[in-house]
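S.K.: Got a structure here, written out as structure tokens. Questions coming.
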Amino acid sequence: MYIGEEQLQGRRLDLVDRAAELQVLESSAAAARDGRGGLLRLQGPWGMGKTTLLDAWAVRERERGGLRFLTATCVEMEQGFIFSVARQLLEPLLRDQPSHEETLGQVLRTPAPEGLAAELHTLYMFLAELSRESAYVLVIDDVHFADEHSLRWLSYLSRRVADLRLLVVLSGWFGEHRLLNELCAGHVLTPGSLTLDGVAHLLGATLGATPEPAFATACHEFTGGAPYLVSRLLRVLADVGLCPVDANVRTAGELAAQAVNDQVNRCLVAQPEATRRLVRVLALLGGDTQGHVVAAMADLHPRRLEEHLTRLRRLSILAESTPTRFSHPLIRQAVLDRMPDLAIEYATAASLLHRDQAPTARTAACLLHAGPLGEPWVVPVLLDAAYQARDMGEHGLRLSYLRRALREPVAGEERIGLLMELAKAELFGDPAAAARRLREVLSLLTDPEARAKASGVLATALKLSRRAPEALPVLDAAIDMLDAEQHWELRLHLEAQIVQIGLEEFATIPAALAKLESLRSRGLSGSTPGERACLAALALHAMAGHGSAKETADLAARALSGGLWVAGPGGLLSCLSIVALIVADRWDEAQGWLAELSAQAIRHPLPWLRLMSAYGSVVMSHRDGALEDGATTGLDMLAEIGEGAGYSVMTLVAVVANCLMDAGSIPQAGQLLTRHAARDMPEAAWDRGTFLFSLGRLRLARGEHSAAVSALLECGRHQDTSHITNPAITPWLSRLALAYLGLGERERALEAAERELELSRRWGTPRAIGVSLGALGLVTGGSHGLDQLREAVGTIDEARAKLEQARIRLDLGLMLIQAGELAEARDVLRVAQERSALCQAPELSKRIQVALRGAGGRPRAAQPSAVLSRSEHEVAHLAVSGCTNKEIAGRLYVTPRTVEIHLTSTYRKLGISGRGQLAEAMRRLEN
């Protein structure tokens, strides 16, 4: 039961089930002709007929006239090329109209390194002028593969296209692609699967006979209505001439199973060898590669290239489009899957691209899939691509290039340099691998200074691999091999590193303490980088409670006197000096250094540097009462780091949990701590103590007093073993006192509270003393407790601590109410309300309002300006001024993701849907 071949001649598949989408496209095109431009998104996964829909629509519009089409197709390999999409769209105009070369040529080929604002505006103005002459349509297919510069341009254009005779149509898989979803689209079309009626219509049109019901239903089920699978199946059915009757359902099912896998091979097997070579080359290089490169690799004369391209288009392997592209990405993959010597083919492609001076990233992308070539140009190309990936923040791609380079037969200095570069790249993601590379480096090096520097990096890798006891002998050996006079500076850096690494784990603390004693005895002035590194190490120890706040701040300031340094293994010490200033309540100094740290983290996208920048920012936000800002920044960083970090994030987890708890988000804090509990490292001195403290606070907030006592006692034992006694870091004793008080164990509560107050006075900051006094007053109770709380209020007011000022006043107000001192209670609670209004602590504010009513007072209404946080205000004002998310991130030294979170929160709080309404909403808020 087959139909004749003559019935299939000249037939084309009809467009079905797309009437609604076509109507939207046609109305948008009509609007563009009338000067009402817009942006339209056509989204969905591969194989849903997006390209077919666009092609059919374009044919109709060309027949109507009045529109000029510019098209581009994005490919994954070109995501690293600057303005690759813009080039595809606009360079044909440069060829046809050379007068535009001066305007656009420089922008598209060599954008200015300092920023994109001028280039984006130039491209926009060019299109604005162009659209005055004629209405244009920009069609960009597979936009999910677009390069970032082009996406920035499209984002810029999307906000200004409304008054142009210009329609921008983007087709692709949008998913959770951040930049794509920033684009302001007037219409979003999502073509779905074909209906049963649609498949039946196509079967009838293709096979020349109306399909019987069961046959049509079976074909719809076989393909799920996916347009790509339907078309493959229809072609197979047509090829064999199968009649669409119910008796052929089983045969149709068998054909459907082989349709996708066999169709490409069946089409190509009968073609000339030159055509098969060409399709393999196109699959490797992409269709928009220079024609002479494609021809050379396919061993074709350039004049015969178009002949074989036409043959492939006729077979529907390639689409009827310029530049050349496959009719579907799955076809390209099918071609690649059938290439037995893929590595050899990629090697040939890389050689040709290099000879043609193609962009480094494109050549390197082919080298990734090729075996070792042994050519002298290979390693430099891969290294250059790795540096480009590093500068773009593409860490995974950087590693791929470096690991591929190491497969080449390199030796001597070249191998040493490559191993060092790879080890630094792996350091924070796979420190164990980095340690192996560095061991090999040390086996190859003979110069003592070079060996010592490599040893410093190796020690860091060992520490990150949780092998700190192995790291210190490495550093000691490096110091011993250096001449005391000639390499004095390098020896100091290594000694400082011994302290930094040694203080982080129990087993190595004695060695660190011994080294600290040695450093103290030398009278270091801080006149050299090595001395400043040692001063930073001394500041770290003093901050732990082995010095006063004044002594710690002095050491930290001297350590930073030569500027912030982040390069090399000792860079962490410089960052920790900023933390020491925060803990010592040196706010102005700390804020200045944090801004510099944030700028460094943006310039040098190293994972640990971004982590330290985020940690410092969250600590400052928490201490200043900006709890929502702190939690947002911290959670954003934890999401960015993910689960595979090769370093600890427990201190950041702890301070974010504290922000959440103080903001009243107890369940969220509990989820955060539970999620990260598996990362707990019992041997980690600094990191684990803060985590245990937050865990104790959580249990106390839940009213689980016995569990809180257990967690806080464990925290105390851990801190004592770690030689960390400073309550300004972890005020675990005052929280323990409150937990004991909840259990009715007043004597133990008093003992803990008094002990912490003694330590706080030794440290000497009003914040620490005020917090400890407040806890002691609650535990003491009675008139004496009231006096202690009054003293705590007076003390804490000397610190920049709005949250603690409000909280201690609430405790005092409640105790005054119990004592019948209602007038004083009202005065205290009114000030508490003022201070809490400056914080992002809604639960605390509610408690203060309840207490004030209990004292006979009337709570004041919250000010509208308090709706937005400080960071939200800053971000919103910059957004209103016209800054992009990336520009805002650069000005505020945060990540673009943080900017997105703040804007989303601002839109939600102001009840608006996007930037277009932000300016008016901010005016209303401020008035």
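All residue names refer to the structure tokens as shown: chains lettered A, B, ... in order, residues numbered from 1 in each chain, ligands numbered from 1 in order.
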Among the residues of segment 136-317 of chain A, find those DSSP assigns to strand (DSSP E) from the backbone and print them as a PyMOL selection string.

M.R.: chain A and resi 136-141+166-172+187-189

S.K.: Emit the selected residues as a short mmCIF file (atom, residue, chain, number, x, y, z; two decimals), in the first residue's frame, including all heavy atoms.

M.R.:
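Saved as selection23.cif:
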```cif
data_model
loop_
_atom_site.label_atom_id
_atom_site.label_comp_id
_atom_site.auth_asym_id
_atom_site.auth_seq_id
_atom_site.Cartn_x
_atom_site.Cartn_y
_atom_site.Cartn_z
N TYR A 136 12.75 48.89 8.68
CA TYR A 136 13.64 47.74 8.71
C TYR A 136 13.15 46.71 9.71
O TYR A 136 12.48 47.04 10.71
CB TYR A 136 15.05 48.17 9.11
CG TYR A 136 15.90 48.66 7.96
CD1 TYR A 136 15.76 49.96 7.50
CD2 TYR A 136 16.82 47.83 7.34
CE1 TYR A 136 16.53 50.43 6.44
CE2 TYR A 136 17.60 48.28 6.29
CZ TYR A 136 17.45 49.57 5.85
OH TYR A 136 18.22 50.01 4.80
N VAL A 137 13.51 45.46 9.44
CA VAL A 137 13.29 44.36 10.38
C VAL A 137 14.65 43.71 10.64
O VAL A 137 15.34 43.32 9.69
CB VAL A 137 12.31 43.30 9.83
CG1 VAL A 137 12.16 42.16 10.83
CG2 VAL A 137 10.96 43.93 9.54
N LEU A 138 15.01 43.60 11.92
CA LEU A 138 16.21 42.85 12.32
C LEU A 138 15.74 41.50 12.83
O LEU A 138 14.99 41.44 13.81
CB LEU A 138 16.98 43.57 13.42
CG LEU A 138 17.39 45.03 13.19
CD1 LEU A 138 18.27 45.50 14.34
CD2 LEU A 138 18.09 45.20 11.87
N VAL A 139 16.14 40.43 12.18
CA VAL A 139 15.75 39.08 12.59
C VAL A 139 17.01 38.37 13.08
O VAL A 139 17.96 38.19 12.32
CB VAL A 139 15.11 38.28 11.44
CG1 VAL A 139 14.76 36.88 11.93
CG2 VAL A 139 13.87 39.00 10.93
N ILE A 140 17.00 37.97 14.35
CA ILE A 140 18.16 37.31 14.95
C ILE A 140 17.73 35.95 15.45
O ILE A 140 16.93 35.84 16.39
CB ILE A 140 18.74 38.16 16.10
CG1 ILE A 140 19.10 39.55 15.58
CG2 ILE A 140 19.96 37.48 16.71
CD1 ILE A 140 19.37 40.55 16.66
N ASP A 141 18.25 34.92 14.81
CA ASP A 141 17.86 33.54 15.15
C ASP A 141 18.90 32.94 16.09
O ASP A 141 20.08 33.31 16.07
CB ASP A 141 17.75 32.72 13.87
CG ASP A 141 16.82 31.53 14.04
OD1 ASP A 141 16.23 31.39 15.12
OD2 ASP A 141 16.68 30.75 13.08
N LEU A 166 11.34 50.45 12.98
CA LEU A 166 12.24 49.31 13.16
C LEU A 166 11.57 48.25 14.02
O LEU A 166 11.07 48.54 15.11
CB LEU A 166 13.54 49.77 13.83
CG LEU A 166 14.60 48.70 14.11
CD1 LEU A 166 15.17 48.16 12.81
CD2 LEU A 166 15.71 49.28 14.97
N LEU A 167 11.58 47.02 13.54
CA LEU A 167 11.08 45.88 14.30
C LEU A 167 12.25 44.93 14.54
O LEU A 167 12.94 44.54 13.58
CB LEU A 167 9.96 45.16 13.54
CG LEU A 167 9.44 43.87 14.17
CD1 LEU A 167 8.83 44.13 15.54
CD2 LEU A 167 8.42 43.20 13.25
N VAL A 168 12.47 44.57 15.78
CA VAL A 168 13.53 43.62 16.14
C VAL A 168 12.85 42.31 16.55
O VAL A 168 12.02 42.30 17.46
CB VAL A 168 14.39 44.16 17.31
CG1 VAL A 168 15.51 43.17 17.62
CG2 VAL A 168 14.97 45.52 16.95
N VAL A 169 13.20 41.24 15.87
CA VAL A 169 12.62 39.93 16.16
C VAL A 169 13.74 39.01 16.64
O VAL A 169 14.72 38.78 15.92
CB VAL A 169 11.94 39.33 14.92
CG1 VAL A 169 11.34 37.97 15.27
CG2 VAL A 169 10.86 40.27 14.39
N LEU A 170 13.61 38.51 17.85
CA LEU A 170 14.60 37.62 18.45
C LEU A 170 14.01 36.23 18.56
O LEU A 170 12.92 36.05 19.11
CB LEU A 170 15.02 38.11 19.84
CG LEU A 170 15.51 39.55 19.94
CD1 LEU A 170 15.86 39.87 21.37
CD2 LEU A 170 16.70 39.78 19.04
N SER A 171 14.72 35.25 18.05
CA SER A 171 14.24 33.87 18.10
C SER A 171 15.28 33.01 18.80
O SER A 171 16.47 33.09 18.50
CB SER A 171 14.00 33.35 16.67
OG SER A 171 13.67 31.98 16.70
N GLY A 172 14.83 32.21 19.73
CA GLY A 172 15.76 31.33 20.42
C GLY A 172 15.17 30.76 21.69
O GLY A 172 13.98 30.88 21.97
N HIS A 187 5.96 41.87 22.50
CA HIS A 187 5.23 40.61 22.35
C HIS A 187 6.19 39.45 22.59
O HIS A 187 7.37 39.51 22.22
CB HIS A 187 4.64 40.48 20.94
CG HIS A 187 3.57 41.48 20.64
ND1 HIS A 187 2.28 41.37 21.13
CD2 HIS A 187 3.60 42.63 19.91
CE1 HIS A 187 1.56 42.40 20.71
NE2 HIS A 187 2.34 43.18 19.98
N VAL A 188 5.68 38.40 23.20
CA VAL A 188 6.44 37.17 23.39
C VAL A 188 5.62 36.03 22.80
O VAL A 188 4.50 35.76 23.24
CB VAL A 188 6.72 36.90 24.88
CG1 VAL A 188 7.46 35.57 25.04
CG2 VAL A 188 7.52 38.03 25.50
N LEU A 189 6.19 35.40 21.78
CA LEU A 189 5.51 34.28 21.12
C LEU A 189 6.23 32.99 21.47
O LEU A 189 7.46 32.93 21.42
CB LEU A 189 5.52 34.47 19.60
CG LEU A 189 4.88 35.75 19.05
CD1 LEU A 189 4.96 35.77 17.53
CD2 LEU A 189 3.44 35.87 19.52
#
```

S.K.: Got a sec to tell me which of segment 471-587 of chain A DSSP assigns to alpha helix (DSSP H), as a PyMOL selection string?

M.R.: chain A and resi 471-481+488-502+509-520+529-541+549-559+571-583+587

S.K.: Would you pick out the contacts of Leu312 of chain A at 8 Å or less, using only C-alpha atoms, so that residues sharing its chain but fewer than 4 positions from it are not included, and give the list as a PyMOL selection string?

M.R.: chain A and resi 275+279+308+316-318

S.K.: So, with only C-alpha atoms as the atoms that count, which of A:Ala296, A:Cys534, A:Val583, A:Met77 lies closest to Ala365 of chain A?

M.R.: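 Among A:Ala296, A:Cys534, A:Val583, A:Met77, it is A:Met77 that comes nearest to Ala365 of chain A.
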
S.K.: Calculated over only C-alpha atoms, which of the candidates A:Ala86, A:Ile817, A:Leu418, A:Ala879 has the smallest distance to Leu399 of chain A?

M.R.: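 Among the listed residues, the smallest separation from Leu399 of chain A belongs to A:Leu418.
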
S.K.: Considering only C-alpha atoms, can you say which of A:Gly66, A:Gly625, A:Pro191, A:Pro842 comes closest to Ser134 of chain A?

M.R.: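 Once distances to Ser134 of chain A are computed over only C-alpha atoms, the minimum belongs to A:Gly66.
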
S.K.: Taking only C-alpha atoms into account, which of A:Gly781, A:Gly634, A:Gly813, A:Pro272 comes nearest Tyr615 of chain A?

M.R.: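 Of A:Gly781, A:Gly634, A:Gly813, A:Pro272, the one nearest Tyr615 of chain A is A:Gly634, counting only C-alpha atoms.
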
S.K.: Which residues are close to Leu627 of chain A, i.e. within 10 Å by only C-alpha atoms, leaving aside same-chain residues fewer than 6 positions away? Reply as a VMD selection string.

M.R.: chain A and resid 618 to 621 633 656 658 to 664 803 839 to 841 869

S.K.: Emit the selected residues as a PDB file, in the first residue's frame, including N, CA, C and O atoms.

M.R.:
```
ATOM      1  N   VAL A 618      28.889  42.354  53.767  1.00  0.00           N
ATOM      2  CA  VAL A 618      27.794  41.824  54.592  1.00  0.00           C
ATOM      3  C   VAL A 618      28.035  42.137  56.072  1.00  0.00           C
ATOM      4  O   VAL A 618      27.101  42.511  56.792  1.00  0.00           O
ATOM      5  N   VAL A 619      29.276  42.007  56.524  1.00  0.00           N
ATOM      6  CA  VAL A 619      29.581  42.322  57.926  1.00  0.00           C
ATOM      7  C   VAL A 619      29.263  43.787  58.215  1.00  0.00           C
ATOM      8  O   VAL A 619      28.645  44.119  59.238  1.00  0.00           O
ATOM      9  N   MET A 620      29.666  44.680  57.304  1.00  0.00           N
ATOM     10  CA  MET A 620      29.385  46.104  57.502  1.00  0.00           C
ATOM     11  C   MET A 620      27.881  46.363  57.502  1.00  0.00           C
ATOM     12  O   MET A 620      27.371  47.125  58.334  1.00  0.00           O
ATOM     13  N   SER A 621      27.167  45.735  56.576  1.00  0.00           N
ATOM     14  CA  SER A 621      25.718  45.927  56.519  1.00  0.00           C
ATOM     15  C   SER A 621      25.052  45.439  57.795  1.00  0.00           C
ATOM     16  O   SER A 621      24.154  46.096  58.349  1.00  0.00           O
ATOM     17  N   THR A 633      23.195  40.547  49.492  1.00  0.00           N
ATOM     18  CA  THR A 633      24.562  40.443  48.970  1.00  0.00           C
ATOM     19  C   THR A 633      25.153  39.072  49.282  1.00  0.00           C
ATOM     20  O   THR A 633      25.768  38.428  48.418  1.00  0.00           O
ATOM     21  N   VAL A 656      25.478  35.911  57.116  1.00  0.00           N
ATOM     22  CA  VAL A 656      24.207  36.032  56.400  1.00  0.00           C
ATOM     23  C   VAL A 656      23.071  35.503  57.274  1.00  0.00           C
ATOM     24  O   VAL A 656      21.992  36.108  57.340  1.00  0.00           O
ATOM     25  N   ASN A 658      22.993  35.551  60.470  1.00  0.00           N
ATOM     26  CA  ASN A 658      22.762  36.569  61.503  1.00  0.00           C
ATOM     27  C   ASN A 658      21.898  37.710  60.962  1.00  0.00           C
ATOM     28  O   ASN A 658      21.013  38.221  61.662  1.00  0.00           O
ATOM     29  N   CYS A 659      22.162  38.117  59.710  1.00  0.00           N
ATOM     30  CA  CYS A 659      21.321  39.150  59.095  1.00  0.00           C
ATOM     31  C   CYS A 659      19.866  38.698  59.023  1.00  0.00           C
ATOM     32  O   CYS A 659      18.946  39.460  59.338  1.00  0.00           O
ATOM     33  N   LEU A 660      19.673  37.475  58.590  1.00  0.00           N
ATOM     34  CA  LEU A 660      18.313  36.950  58.448  1.00  0.00           C
ATOM     35  C   LEU A 660      17.616  36.864  59.796  1.00  0.00           C
ATOM     36  O   LEU A 660      16.433  37.221  59.928  1.00  0.00           O
ATOM     37  N   MET A 661      18.342  36.377  60.803  1.00  0.00           N
ATOM     38  CA  MET A 661      17.723  36.254  62.135  1.00  0.00           C
ATOM     39  C   MET A 661      17.362  37.616  62.702  1.00  0.00           C
ATOM     40  O   MET A 661      16.271  37.806  63.250  1.00  0.00           O
ATOM     41  N   ASP A 662      18.252  38.596  62.560  1.00  0.00           N
ATOM     42  CA  ASP A 662      17.967  39.921  63.105  1.00  0.00           C
ATOM     43  C   ASP A 662      16.847  40.616  62.337  1.00  0.00           C
ATOM     44  O   ASP A 662      16.186  41.506  62.870  1.00  0.00           O
ATOM     45  N   ALA A 663      16.655  40.208  61.072  1.00  0.00           N
ATOM     46  CA  ALA A 663      15.541  40.756  60.289  1.00  0.00           C
ATOM     47  C   ALA A 663      14.235  40.030  60.587  1.00  0.00           C
ATOM     48  O   ALA A 663      13.185  40.401  60.056  1.00  0.00           O
ATOM     49  N   GLY A 664      14.296  38.972  61.410  1.00  0.00           N
ATOM     50  CA  GLY A 664      13.102  38.213  61.760  1.00  0.00           C
ATOM     51  C   GLY A 664      12.827  37.033  60.860  1.00  0.00           C
ATOM     52  O   GLY A 664      11.796  36.360  61.008  1.00  0.00           O
ATOM     53  N   LEU A 803      21.167  49.082  65.217  1.00  0.00           N
ATOM     54  CA  LEU A 803      20.376  47.900  65.546  1.00  0.00           C
ATOM     55  C   LEU A 803      20.514  47.544  67.015  1.00  0.00           C
ATOM     56  O   LEU A 803      19.514  47.307  67.711  1.00  0.00           O
ATOM     57  N   CYS A 839      16.910  50.945  60.532  1.00  0.00           N
ATOM     58  CA  CYS A 839      17.412  49.606  60.219  1.00  0.00           C
ATOM     59  C   CYS A 839      16.394  48.872  59.353  1.00  0.00           C
ATOM     60  O   CYS A 839      15.307  49.369  59.087  1.00  0.00           O
ATOM     61  N   GLN A 840      16.770  47.700  58.929  1.00  0.00           N
ATOM     62  CA  GLN A 840      15.864  46.840  58.161  1.00  0.00           C
ATOM     63  C   GLN A 840      15.494  45.643  59.040  1.00  0.00           C
ATOM     64  O   GLN A 840      15.786  44.502  58.726  1.00  0.00           O
ATOM     65  N   ALA A 841      14.832  45.967  60.173  1.00  0.00           N
ATOM     66  CA  ALA A 841      14.486  44.946  61.153  1.00  0.00           C
ATOM     67  C   ALA A 841      13.003  45.060  61.497  1.00  0.00           C
ATOM     68  O   ALA A 841      12.635  45.565  62.567  1.00  0.00           O
ATOM     69  N   SER A 869      15.524  50.004  51.077  1.00  0.00           N
ATOM     70  CA  SER A 869      16.784  49.976  51.809  1.00  0.00           C
ATOM     71  C   SER A 869      17.750  50.988  51.215  1.00  0.00           C
ATOM     72  O   SER A 869      17.532  51.538  50.128  1.00  0.00           O
TER      73      SER A 869
END
```

S.K.: Show me, as a list in words, the residues that have an atom within 10 Å of Ile509 of chain A when counting only C-alpha atoms, minus same-chain residues fewer than 3 positions from it.

M.R.: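 Surrounding residues, per the criterion: Pro469, Ile498, Val499, Gln500, Ile501, Gly502, Leu503, Glu504, Glu505, Phe506, Ala512, Leu513, Ala514, Lys515, Ala685, Thr721, Ser722 and His723 of chain A.
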
S.K.: Suppose we keep N, CA and C atoms; can you now write the selection as a PDB file, in the first residue's frame?

M.R.:
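Written output follows (result-v9.pdb):
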```
ATOM      1  N   PRO A 469      48.633  20.862  57.764  1.00  0.00           N
ATOM      2  CA  PRO A 469      49.875  20.358  58.380  1.00  0.00           C
ATOM      3  C   PRO A 469      50.978  20.061  57.364  1.00  0.00           C
ATOM      4  N   ILE A 498      52.919  31.533  56.981  1.00  0.00           N
ATOM      5  CA  ILE A 498      52.902  30.488  58.011  1.00  0.00           C
ATOM      6  C   ILE A 498      51.884  30.835  59.086  1.00  0.00           C
ATOM      7  N   VAL A 499      51.849  32.114  59.487  1.00  0.00           N
ATOM      8  CA  VAL A 499      50.892  32.532  60.515  1.00  0.00           C
ATOM      9  C   VAL A 499      49.465  32.408  59.995  1.00  0.00           C
ATOM     10  N   GLN A 500      49.242  32.926  58.789  1.00  0.00           N
ATOM     11  CA  GLN A 500      47.888  32.916  58.234  1.00  0.00           C
ATOM     12  C   GLN A 500      47.340  31.490  58.118  1.00  0.00           C
ATOM     13  N   ILE A 501      48.141  30.593  57.537  1.00  0.00           N
ATOM     14  CA  ILE A 501      47.696  29.205  57.377  1.00  0.00           C
ATOM     15  C   ILE A 501      47.658  28.496  58.726  1.00  0.00           C
ATOM     16  N   GLY A 502      48.640  28.770  59.542  1.00  0.00           N
ATOM     17  CA  GLY A 502      48.746  28.071  60.823  1.00  0.00           C
ATOM     18  C   GLY A 502      47.605  28.360  61.764  1.00  0.00           C
ATOM     19  N   LEU A 503      47.066  29.585  61.728  1.00  0.00           N
ATOM     20  CA  LEU A 503      45.980  29.941  62.645  1.00  0.00           C
ATOM     21  C   LEU A 503      44.631  29.379  62.213  1.00  0.00           C
ATOM     22  N   GLU A 504      44.575  28.751  61.057  1.00  0.00           N
ATOM     23  CA  GLU A 504      43.279  28.316  60.534  1.00  0.00           C
ATOM     24  C   GLU A 504      42.899  26.895  60.919  1.00  0.00           C
ATOM     25  N   GLU A 505      43.829  26.125  61.449  1.00  0.00           N
ATOM     26  CA  GLU A 505      43.494  24.758  61.866  1.00  0.00           C
ATOM     27  C   GLU A 505      44.142  24.459  63.218  1.00  0.00           C
ATOM     28  N   PHE A 506      43.481  23.624  64.010  1.00  0.00           N
ATOM     29  CA  PHE A 506      43.975  23.290  65.344  1.00  0.00           C
ATOM     30  C   PHE A 506      45.405  22.768  65.315  1.00  0.00           C
ATOM     31  N   ALA A 512      52.080  28.446  64.363  1.00  0.00           N
ATOM     32  CA  ALA A 512      51.750  29.841  64.068  1.00  0.00           C
ATOM     33  C   ALA A 512      52.059  30.737  65.264  1.00  0.00           C
ATOM     34  N   LEU A 513      51.739  30.269  66.464  1.00  0.00           N
ATOM     35  CA  LEU A 513      52.019  31.069  67.665  1.00  0.00           C
ATOM     36  C   LEU A 513      53.519  31.276  67.856  1.00  0.00           C
ATOM     37  N   ALA A 514      54.294  30.241  67.584  1.00  0.00           N
ATOM     38  CA  ALA A 514      55.751  30.376  67.693  1.00  0.00           C
ATOM     39  C   ALA A 514      56.266  31.409  66.693  1.00  0.00           C
ATOM     40  N   LYS A 515      55.739  31.386  65.494  1.00  0.00           N
ATOM     41  CA  LYS A 515      56.170  32.351  64.476  1.00  0.00           C
ATOM     42  C   LYS A 515      55.749  33.762  64.864  1.00  0.00           C
ATOM     43  N   ALA A 685      39.663  26.508  62.543  1.00  0.00           N
ATOM     44  CA  ALA A 685      39.654  27.369  63.727  1.00  0.00           C
ATOM     45  C   ALA A 685      38.709  28.551  63.561  1.00  0.00           C
ATOM     46  N   THR A 721      39.934  26.541  72.001  1.00  0.00           N
ATOM     47  CA  THR A 721      40.977  25.736  71.357  1.00  0.00           C
ATOM     48  C   THR A 721      41.628  26.505  70.220  1.00  0.00           C
ATOM     49  N   SER A 722      40.846  27.370  69.569  1.00  0.00           N
ATOM     50  CA  SER A 722      41.362  28.165  68.453  1.00  0.00           C
ATOM     51  C   SER A 722      42.103  29.415  68.913  1.00  0.00           C
ATOM     52  N   HIS A 723      42.130  29.667  70.235  1.00  0.00           N
ATOM     53  CA  HIS A 723      42.759  30.875  70.786  1.00  0.00           C
ATOM     54  C   HIS A 723      42.044  32.127  70.286  1.00  0.00           C
TER      55      HIS A 723
END
```

S.K.: Would you kindly return, as a tab-separated table (two decimals) with C-alpha atoms, in the first residue's frame, each protein, DNA or RNA residue with an atom no farther than 10 Å from any atom of Leu475 of chain A, considering only C-alpha atoms and excluding same-chain residues fewer than 4 positions away?

M.R.:
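Full text of out37.tsv as output:
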```tsv
chain	number	residue	atom	x	y	z
A	452	ALA	CA	60.23	29.60	47.16
A	453	LYS	CA	57.53	31.51	45.28
A	454	ALA	CA	56.08	28.27	43.91
A	455	SER	CA	56.19	26.85	47.44
A	456	GLY	CA	54.01	29.72	48.64
A	457	VAL	CA	51.34	28.84	46.07
A	458	LEU	CA	51.70	25.13	46.91
A	459	ALA	CA	51.14	25.88	50.60
A	460	THR	CA	47.91	27.68	49.72
A	470	GLU	CA	51.61	19.53	55.08
A	471	ALA	CA	51.73	23.20	54.07
A	479	ILE	CA	62.53	29.86	53.92
A	480	ASP	CA	65.55	27.71	54.68
A	491	ARG	CA	61.27	35.29	53.63
A	494	LEU	CA	56.53	33.28	53.65
A	495	GLU	CA	56.67	33.75	57.42
A	497	GLN	CA	51.90	32.98	55.31
A	498	ILE	CA	52.90	30.49	58.01
```

S.K.: Work out how far atom CA of Met125 of chain A is from atom CA of Leu93 of chain A, in Å to one decimal.

M.R.: 14.9 Å

S.K.: Tell me, as a VMD selection string, which residues lie within 12 Å of Val245 of chain A, counting only C-alpha atoms; anything in the same chain fewer than 4 positions away does not count.

M.R.: chain A and resid 1 to 3 200 203 to 204 207 209 to 219 237 241 249 to 252

S.K.: Next, write the just-selected residues to a file, as a compact mmCIF listing (two decimals), in the first residue's frame, keeping C-alpha atoms as the atom set.

M.R.:
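This went into out.txt:
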```txt
# COMPACT_ATOMS: atom_id res chain seq x y z
CA MET A 1 0.00 0.00 0.00
CA TYR A 2 2.33 2.70 -1.29
CA ILE A 3 1.71 5.79 -3.35
CA ALA A 200 -3.05 15.29 9.82
CA LEU A 203 0.37 14.16 6.26
CA GLY A 204 -2.31 14.72 3.65
CA LEU A 207 1.52 12.07 0.98
CA ALA A 209 -4.00 11.39 0.51
CA THR A 210 -6.14 12.14 3.53
CA PRO A 211 -4.73 10.14 6.47
CA GLU A 212 -7.00 7.74 8.28
CA PRO A 213 -7.70 8.68 11.92
CA ALA A 214 -5.58 6.02 13.64
CA PHE A 215 -2.64 6.69 11.33
CA ALA A 216 -2.75 10.45 12.00
CA THR A 217 -3.11 9.90 15.74
CA ALA A 218 -0.17 7.48 15.79
CA CYS A 219 2.10 9.89 13.88
CA LEU A 237 7.14 8.54 4.88
CA GLY A 241 5.71 6.28 -0.34
CA VAL A 249 0.54 2.48 11.77
CA ARG A 250 3.18 -0.02 12.89
CA THR A 251 5.33 0.67 9.85
CA ALA A 252 5.03 4.39 10.48
```
